Amino acid sequence: MFSENFKTLRKQKCMSQETLAQQLNIVRQTISKWEKGLSVPDADMLTRIPELFEVSVSELLGSKIEEEKNINEIAAQLALLNEQLANRSRRNRKILKGILIGVSSVILIMLIFYITAFTLFKYHKSSEVTTSVQLLCTLDGEEYTYVVTYDEQYNIIEAGGNAFIADHVQTEQYSDANILIAQIEDYFNDRGGSVECIEETD
């Protein structure tokens with residue numbers, strides 16, 4: 001095979017890719033492509049390389065035939081080989097392009113989905129009606145306050161206030177606003193205190 005023979009002959013001549021490129025008046029990258037089998041030299045270059053390596057064209061190409069091939073026939077074979085390499089390169093580029101388009105499409109779809117979902121969630125949250133109840137409690141001459149915020153299903157969104165109420169009623173164990181408010185009212189009323197509820201709806 002040309003690429004392997006070319007590389008072997010270059011090394012036998014103790015030439016670097018850079019040195020050989022200078023002698024052939026080409027860039028080093030071209031030598032590298034030949035040795036990797038990514039491209040092949042044209043017919044004109046194919047006559048110069050064997051002279052430099054002191055071998056025949058058939059030896060360079062790895063041919064087993066005794067007679068030298070006609071230079072036109074070799075040129076035709078090289079042209080065909082170059083076309084095959086070009087086709088393979090185009091095919092690889094198309095595959096890569098298809099993969100990139102596919103990945104980009106998936107990312108775009110996911111981005112649109114997340115933006116839409118976030119917008120809908122935010123709209124839903126903002127359109128939810130919430131109610132806040134401020135409890136003004138008195139017991140033994142002391143005043144305590146506690147605020148409970150809940151949604152339309154009476155699920156507690158936020159609750160907090162005086163630590164006395166939280167400690168004695170154990171407010172954290174309740175998730176239903178009605179039950180929590182009733183527990184606070186019962187605690188103070190049962191001990192001779194009072195509870196005033198001030199309700200605000202958003």
# chains A, B, ... in the order shown; residues from 1 in each chain; ligands from 1
>>> select_by_dssp(residues="chain A", states="strand (DSSP E or B)", output="VMD selection string")
chain A and resid 131 to 139 142 to 150 155 to 161 176 194 to 201
>>> write_last_selection(atoms="C-alpha atoms", output="PDB file, in the first residue's frame")
ATOM      1  CA  THR A 131     -54.555  33.825  52.540  1.00  0.00           C
ATOM      2  CA  SER A 132     -52.655  35.078  55.569  1.00  0.00           C
ATOM      3  CA  VAL A 133     -54.155  34.963  59.047  1.00  0.00           C
ATOM      4  CA  GLN A 134     -52.532  36.929  61.852  1.00  0.00           C
ATOM      5  CA  LEU A 135     -53.386  35.574  65.291  1.00  0.00           C
ATOM      6  CA  LEU A 136     -53.174  38.114  68.127  1.00  0.00           C
ATOM      7  CA  CYS A 137     -53.134  36.033  71.292  1.00  0.00           C
ATOM      8  CA  THR A 138     -53.267  37.124  74.963  1.00  0.00           C
ATOM      9  CA  LEU A 139     -52.682  35.045  78.089  1.00  0.00           C
ATOM     10  CA  GLU A 142     -48.888  38.728  77.830  1.00  0.00           C
ATOM     11  CA  GLU A 143     -49.417  39.204  74.092  1.00  0.00           C
ATOM     12  CA  TYR A 144     -48.266  36.772  71.399  1.00  0.00           C
ATOM     13  CA  THR A 145     -48.573  36.867  67.627  1.00  0.00           C
ATOM     14  CA  TYR A 146     -48.498  34.142  65.014  1.00  0.00           C
ATOM     15  CA  VAL A 147     -49.014  34.328  61.234  1.00  0.00           C
ATOM     16  CA  VAL A 148     -50.238  31.454  59.035  1.00  0.00           C
ATOM     17  CA  THR A 149     -50.197  31.728  55.215  1.00  0.00           C
ATOM     18  CA  TYR A 150     -52.024  29.037  53.217  1.00  0.00           C
ATOM     19  CA  ASN A 155     -52.157  23.786  52.786  1.00  0.00           C
ATOM     20  CA  ILE A 156     -49.760  25.800  54.920  1.00  0.00           C
ATOM     21  CA  ILE A 157     -47.273  27.727  52.783  1.00  0.00           C
ATOM     22  CA  GLU A 158     -45.587  29.535  55.646  1.00  0.00           C
ATOM     23  CA  ALA A 159     -46.136  29.820  59.374  1.00  0.00           C
ATOM     24  CA  GLY A 160     -44.266  31.544  62.155  1.00  0.00           C
ATOM     25  CA  GLY A 161     -44.375  33.900  65.057  1.00  0.00           C
ATOM     26  CA  ASP A 176     -53.563  22.068  57.417  1.00  0.00           C
ATOM     27  CA  SER A 194     -58.115  35.097  73.973  1.00  0.00           C
ATOM     28  CA  VAL A 195     -57.308  34.961  70.246  1.00  0.00           C
ATOM     29  CA  GLU A 196     -58.145  37.592  67.620  1.00  0.00           C
ATOM     30  CA  CYS A 197     -57.804  36.589  63.941  1.00  0.00           C
ATOM     31  CA  ILE A 198     -56.985  39.167  61.274  1.00  0.00           C
ATOM     32  CA  GLU A 199     -57.314  37.679  57.786  1.00  0.00           C
ATOM     33  CA  GLU A 200     -55.738  39.013  54.553  1.00  0.00           C
ATOM     34  CA  THR A 201     -56.206  37.499  51.084  1.00  0.00           C
TER      35      THR A 201
END
>>> closest_residue(among="A:Ile184, A:Leu80, A:Leu96, A:Ala117", to="A:Ser39", atoms="only C-alpha atoms")
A:Leu80
>>> atom_distance(atom1="atom CA of A:Thr30", atom2="atom CA of A:Arg10")
13.8 Å
>>> atom_distance(atom1="atom CA of A:Gly193", atom2="atom CA of A:Asn178")
19.5 Å
